[in-house]
Amino acid sequence: MQQKDDVYFMNLALEQAKEAASIGEVPVGAVIVCNEKIIARSFNMTERLNDATAHAEMQAFTAAMTAIGGKYLNQCTLYVTLEPCPMCCGAAFWTQIGRIVFGAKDERRIFGNVKELYHPKTVVKGGVMERECSQILKTFFKNKRNRNK
């Protein structure tokens with residue numbers, strides 16, 4: 001897949017992140033693409049569902065597996081606006097997702113390098129639209145801190 005495609009699909013994931021922010025969720029969005037067709041779109045829903053595991057990636061994996069009628073996503077690409085956490089890396093491992101493209105690096109990563117958590121065949125690419133993906137998170141948390149003063 002070309003860089004142009006990565007930017008196109010990351011923009012769609014960013015739209016999902018904006019949707020999350022509009023309802024008070026941490027603005028992380030995800031899109032899963034298979035054969036250049038979007039099969040899942042999602043955003044963080046941890047607050048709305050009162051579920052700490054309702055990350056954008058987890059929601060997208062479930063929707064994508066339903067869409068293709070199987071549990072393996074090895075022919076698919078996950079586009080997500082923030083580097084996946086260890087839980088989402090583990091889920092990515094079990095789905096055998098073929099490729100992960102993320103935008104912003106998780107600056108608060110307390111778990112160290114999680115590369116070994118991905119499936120060995122999963123290709124990971126970071127930094128696509130990093131500035132835009134990082135900015136929506138920074139703005140969200142700045143506004144949240146200002147409201148709590």
# chains A, B, ... in the order shown; residues from 1 in each chain; ligands from 1

$ residues_around --residues "His119 of chain A" --least-positions-apart "2" --cutoff "10 Å" --atoms "only C-alpha atoms" --output "ChimeraX atom specification"
/A:74,89-99,115-117,121-123

$ residues_around --residues "Ser134 of chain A" --least-positions-apart "4" --cutoff "9 Å" --atoms "only C-alpha atoms" --output "list of chain:residue names"
A:Thr81, A:Leu82, A:Gly103, A:Ala104, A:Lys105, A:Asp106, A:Met129, A:Glu130, A:Lys138, A:Thr139

$ write_last_selection --atoms "N, CA and C atoms" --output "PDB file, in the first residue's frame"
ATOM      1  N   THR A  81      -5.219   6.175  15.436  1.00  0.00           N
ATOM      2  CA  THR A  81      -4.600   7.487  15.627  1.00  0.00           C
ATOM      3  C   THR A  81      -3.555   7.518  16.730  1.00  0.00           C
ATOM      4  N   LEU A  82      -3.576   6.537  17.638  1.00  0.00           N
ATOM      5  CA  LEU A  82      -2.600   6.472  18.720  1.00  0.00           C
ATOM      6  C   LEU A  82      -1.992   5.077  18.759  1.00  0.00           C
ATOM      7  N   GLY A 103      -0.765   6.731  14.155  1.00  0.00           N
ATOM      8  CA  GLY A 103      -0.390   8.130  14.011  1.00  0.00           C
ATOM      9  C   GLY A 103       0.562   8.572  15.094  1.00  0.00           C
ATOM     10  N   ALA A 104       0.025   8.942  16.250  1.00  0.00           N
ATOM     11  CA  ALA A 104       0.826   9.489  17.348  1.00  0.00           C
ATOM     12  C   ALA A 104       1.470   8.382  18.173  1.00  0.00           C
ATOM     13  N   LYS A 105       2.682   8.637  18.582  1.00  0.00           N
ATOM     14  CA  LYS A 105       3.371   7.743  19.518  1.00  0.00           C
ATOM     15  C   LYS A 105       2.775   7.994  20.897  1.00  0.00           C
ATOM     16  N   ASP A 106       2.654   6.954  21.692  1.00  0.00           N
ATOM     17  CA  ASP A 106       2.141   7.096  23.048  1.00  0.00           C
ATOM     18  C   ASP A 106       3.258   7.656  23.918  1.00  0.00           C
ATOM     19  N   MET A 129       0.645  10.925   9.813  1.00  0.00           N
ATOM     20  CA  MET A 129      -0.132  12.078  10.281  1.00  0.00           C
ATOM     21  C   MET A 129       0.073  12.288  11.783  1.00  0.00           C
ATOM     22  N   GLU A 130       1.275  12.081  12.234  1.00  0.00           N
ATOM     23  CA  GLU A 130       1.589  12.137  13.664  1.00  0.00           C
ATOM     24  C   GLU A 130       1.205  13.469  14.302  1.00  0.00           C
ATOM     25  N   LYS A 138      -3.671  16.203  22.618  1.00  0.00           N
ATOM     26  CA  LYS A 138      -3.176  17.287  23.465  1.00  0.00           C
ATOM     27  C   LYS A 138      -4.263  18.307  23.747  1.00  0.00           C
ATOM     28  N   THR A 139      -5.019  18.664  22.727  1.00  0.00           N
ATOM     29  CA  THR A 139      -6.111  19.633  22.890  1.00  0.00           C
ATOM     30  C   THR A 139      -7.186  19.082  23.823  1.00  0.00           C
TER      31      THR A 139
END

$ residues_around --residues "Leu78 of chain A" --least-positions-apart "5" --cutoff "7 Å" --atoms "only C-alpha atoms" --output "VMD selection string"
chain A and resid 30 to 33 99 to 101

$ residues_around --residues "Glu57 of chain A" --least-positions-apart "2" --cutoff "7 Å" --atoms "only C-alpha atoms" --output "PyMOL selection string"
chain A and resi 30+55+59-61+88

$ select_by_dssp --residues "chain A" --states "strand (DSSP E or B)" --output "PyMOL selection string"
chain A and resi 29-34+37-43+76-82+99-104+123-125

$ write_last_selection --atoms "N, CA and C atoms" --output "PDB file, in the first residue's frame"
ATOM      1  N   GLY A  29      -9.273   7.114  17.319  1.00  0.00           N
ATOM      2  CA  GLY A  29     -10.128   6.517  16.304  1.00  0.00           C
ATOM      3  C   GLY A  29      -9.408   5.426  15.555  1.00  0.00           C
ATOM      4  N   ALA A  30     -10.180   4.504  15.007  1.00  0.00           N
ATOM      5  CA  ALA A  30      -9.601   3.384  14.268  1.00  0.00           C
ATOM      6  C   ALA A  30     -10.456   3.029  13.065  1.00  0.00           C
ATOM      7  N   VAL A  31      -9.778   2.543  12.043  1.00  0.00           N
ATOM      8  CA  VAL A  31     -10.424   2.061  10.823  1.00  0.00           C
ATOM      9  C   VAL A  31      -9.688   0.777  10.432  1.00  0.00           C
ATOM     10  N   ILE A  32     -10.426  -0.232  10.037  1.00  0.00           N
ATOM     11  CA  ILE A  32      -9.798  -1.446   9.509  1.00  0.00           C
ATOM     12  C   ILE A  32     -10.194  -1.588   8.058  1.00  0.00           C
ATOM     13  N   VAL A  33      -9.167  -1.842   7.240  1.00  0.00           N
ATOM     14  CA  VAL A  33      -9.326  -1.924   5.796  1.00  0.00           C
ATOM     15  C   VAL A  33      -8.901  -3.317   5.329  1.00  0.00           C
ATOM     16  N   CYS A  34      -9.694  -3.898   4.452  1.00  0.00           N
ATOM     17  CA  CYS A  34      -9.362  -5.188   3.856  1.00  0.00           C
ATOM     18  C   CYS A  34      -9.614  -5.078   2.359  1.00  0.00           C
ATOM     19  N   LYS A  37     -11.057  -1.877   1.136  1.00  0.00           N
ATOM     20  CA  LYS A  37     -12.434  -1.583   1.529  1.00  0.00           C
ATOM     21  C   LYS A  37     -12.481  -1.463   3.048  1.00  0.00           C
ATOM     22  N   ILE A  38     -13.154  -0.425   3.527  1.00  0.00           N
ATOM     23  CA  ILE A  38     -13.298  -0.244   4.970  1.00  0.00           C
ATOM     24  C   ILE A  38     -14.310  -1.269   5.479  1.00  0.00           C
ATOM     25  N   ILE A  39     -13.873  -2.074   6.458  1.00  0.00           N
ATOM     26  CA  ILE A  39     -14.775  -3.072   7.026  1.00  0.00           C
ATOM     27  C   ILE A  39     -15.136  -2.758   8.476  1.00  0.00           C
ATOM     28  N   ALA A  40     -14.443  -1.776   9.072  1.00  0.00           N
ATOM     29  CA  ALA A  40     -14.770  -1.389  10.450  1.00  0.00           C
ATOM     30  C   ALA A  40     -14.307   0.035  10.715  1.00  0.00           C
ATOM     31  N   ARG A  41     -15.100   0.759  11.481  1.00  0.00           N
ATOM     32  CA  ARG A  41     -14.759   2.104  11.968  1.00  0.00           C
ATOM     33  C   ARG A  41     -15.141   2.133  13.432  1.00  0.00           C
ATOM     34  N   SER A  42     -14.306   2.772  14.240  1.00  0.00           N
ATOM     35  CA  SER A  42     -14.643   2.836  15.662  1.00  0.00           C
ATOM     36  C   SER A  42     -13.858   3.935  16.349  1.00  0.00           C
ATOM     37  N   PHE A  43     -14.250   4.186  17.596  1.00  0.00           N
ATOM     38  CA  PHE A  43     -13.525   5.125  18.435  1.00  0.00           C
ATOM     39  C   PHE A  43     -13.639   4.647  19.874  1.00  0.00           C
ATOM     40  N   CYS A  76      -5.796  -7.757   6.554  1.00  0.00           N
ATOM     41  CA  CYS A  76      -6.333  -6.433   6.855  1.00  0.00           C
ATOM     42  C   CYS A  76      -5.278  -5.495   7.429  1.00  0.00           C
ATOM     43  N   THR A  77      -5.593  -4.198   7.378  1.00  0.00           N
ATOM     44  CA  THR A  77      -4.752  -3.162   7.984  1.00  0.00           C
ATOM     45  C   THR A  77      -5.589  -2.373   8.976  1.00  0.00           C
ATOM     46  N   LEU A  78      -5.030  -2.210  10.177  1.00  0.00           N
ATOM     47  CA  LEU A  78      -5.630  -1.359  11.195  1.00  0.00           C
ATOM     48  C   LEU A  78      -4.968   0.002  11.116  1.00  0.00           C
ATOM     49  N   TYR A  79      -5.764   1.044  10.968  1.00  0.00           N
ATOM     50  CA  TYR A  79      -5.299   2.431  11.054  1.00  0.00           C
ATOM     51  C   TYR A  79      -5.822   2.966  12.365  1.00  0.00           C
ATOM     52  N   VAL A  80      -4.941   3.441  13.223  1.00  0.00           N
ATOM     53  CA  VAL A  80      -5.356   3.941  14.527  1.00  0.00           C
ATOM     54  C   VAL A  80      -4.560   5.200  14.840  1.00  0.00           C
ATOM     55  N   THR A  81      -5.219   6.175  15.436  1.00  0.00           N
ATOM     56  CA  THR A  81      -4.600   7.487  15.627  1.00  0.00           C
ATOM     57  C   THR A  81      -3.555   7.518  16.730  1.00  0.00           C
ATOM     58  N   LEU A  82      -3.576   6.537  17.638  1.00  0.00           N
ATOM     59  CA  LEU A  82      -2.600   6.472  18.720  1.00  0.00           C
ATOM     60  C   LEU A  82      -1.992   5.077  18.759  1.00  0.00           C
ATOM     61  N   ARG A  99      -1.328  -5.801   9.231  1.00  0.00           N
ATOM     62  CA  ARG A  99      -0.583  -4.539   9.254  1.00  0.00           C
ATOM     63  C   ARG A  99      -1.252  -3.587  10.222  1.00  0.00           C
ATOM     64  N   ILE A 100      -0.431  -2.822  10.930  1.00  0.00           N
ATOM     65  CA  ILE A 100      -0.927  -1.769  11.814  1.00  0.00           C
ATOM     66  C   ILE A 100      -0.227  -0.480  11.434  1.00  0.00           C
ATOM     67  N   VAL A 101      -1.012   0.562  11.218  1.00  0.00           N
ATOM     68  CA  VAL A 101      -0.484   1.892  10.923  1.00  0.00           C
ATOM     69  C   VAL A 101      -1.039   2.819  11.998  1.00  0.00           C
ATOM     70  N   PHE A 102      -0.133   3.453  12.749  1.00  0.00           N
ATOM     71  CA  PHE A 102      -0.614   4.372  13.790  1.00  0.00           C
ATOM     72  C   PHE A 102      -0.068   5.770  13.552  1.00  0.00           C
ATOM     73  N   GLY A 103      -0.765   6.731  14.155  1.00  0.00           N
ATOM     74  CA  GLY A 103      -0.390   8.130  14.011  1.00  0.00           C
ATOM     75  C   GLY A 103       0.562   8.572  15.094  1.00  0.00           C
ATOM     76  N   ALA A 104       0.025   8.942  16.250  1.00  0.00           N
ATOM     77  CA  ALA A 104       0.826   9.489  17.348  1.00  0.00           C
ATOM     78  C   ALA A 104       1.470   8.382  18.173  1.00  0.00           C
ATOM     79  N   VAL A 123       3.089  -6.287  10.244  1.00  0.00           N
ATOM     80  CA  VAL A 123       3.948  -5.167   9.874  1.00  0.00           C
ATOM     81  C   VAL A 123       3.406  -3.926  10.586  1.00  0.00           C
ATOM     82  N   VAL A 124       4.288  -3.199  11.268  1.00  0.00           N
ATOM     83  CA  VAL A 124       3.862  -2.018  12.034  1.00  0.00           C
ATOM     84  C   VAL A 124       4.566  -0.785  11.480  1.00  0.00           C
ATOM     85  N   LYS A 125       3.774   0.256  11.265  1.00  0.00           N
ATOM     86  CA  LYS A 125       4.303   1.529  10.759  1.00  0.00           C
ATOM     87  C   LYS A 125       3.720   2.649  11.616  1.00  0.00           C
TER      88      LYS A 125
END
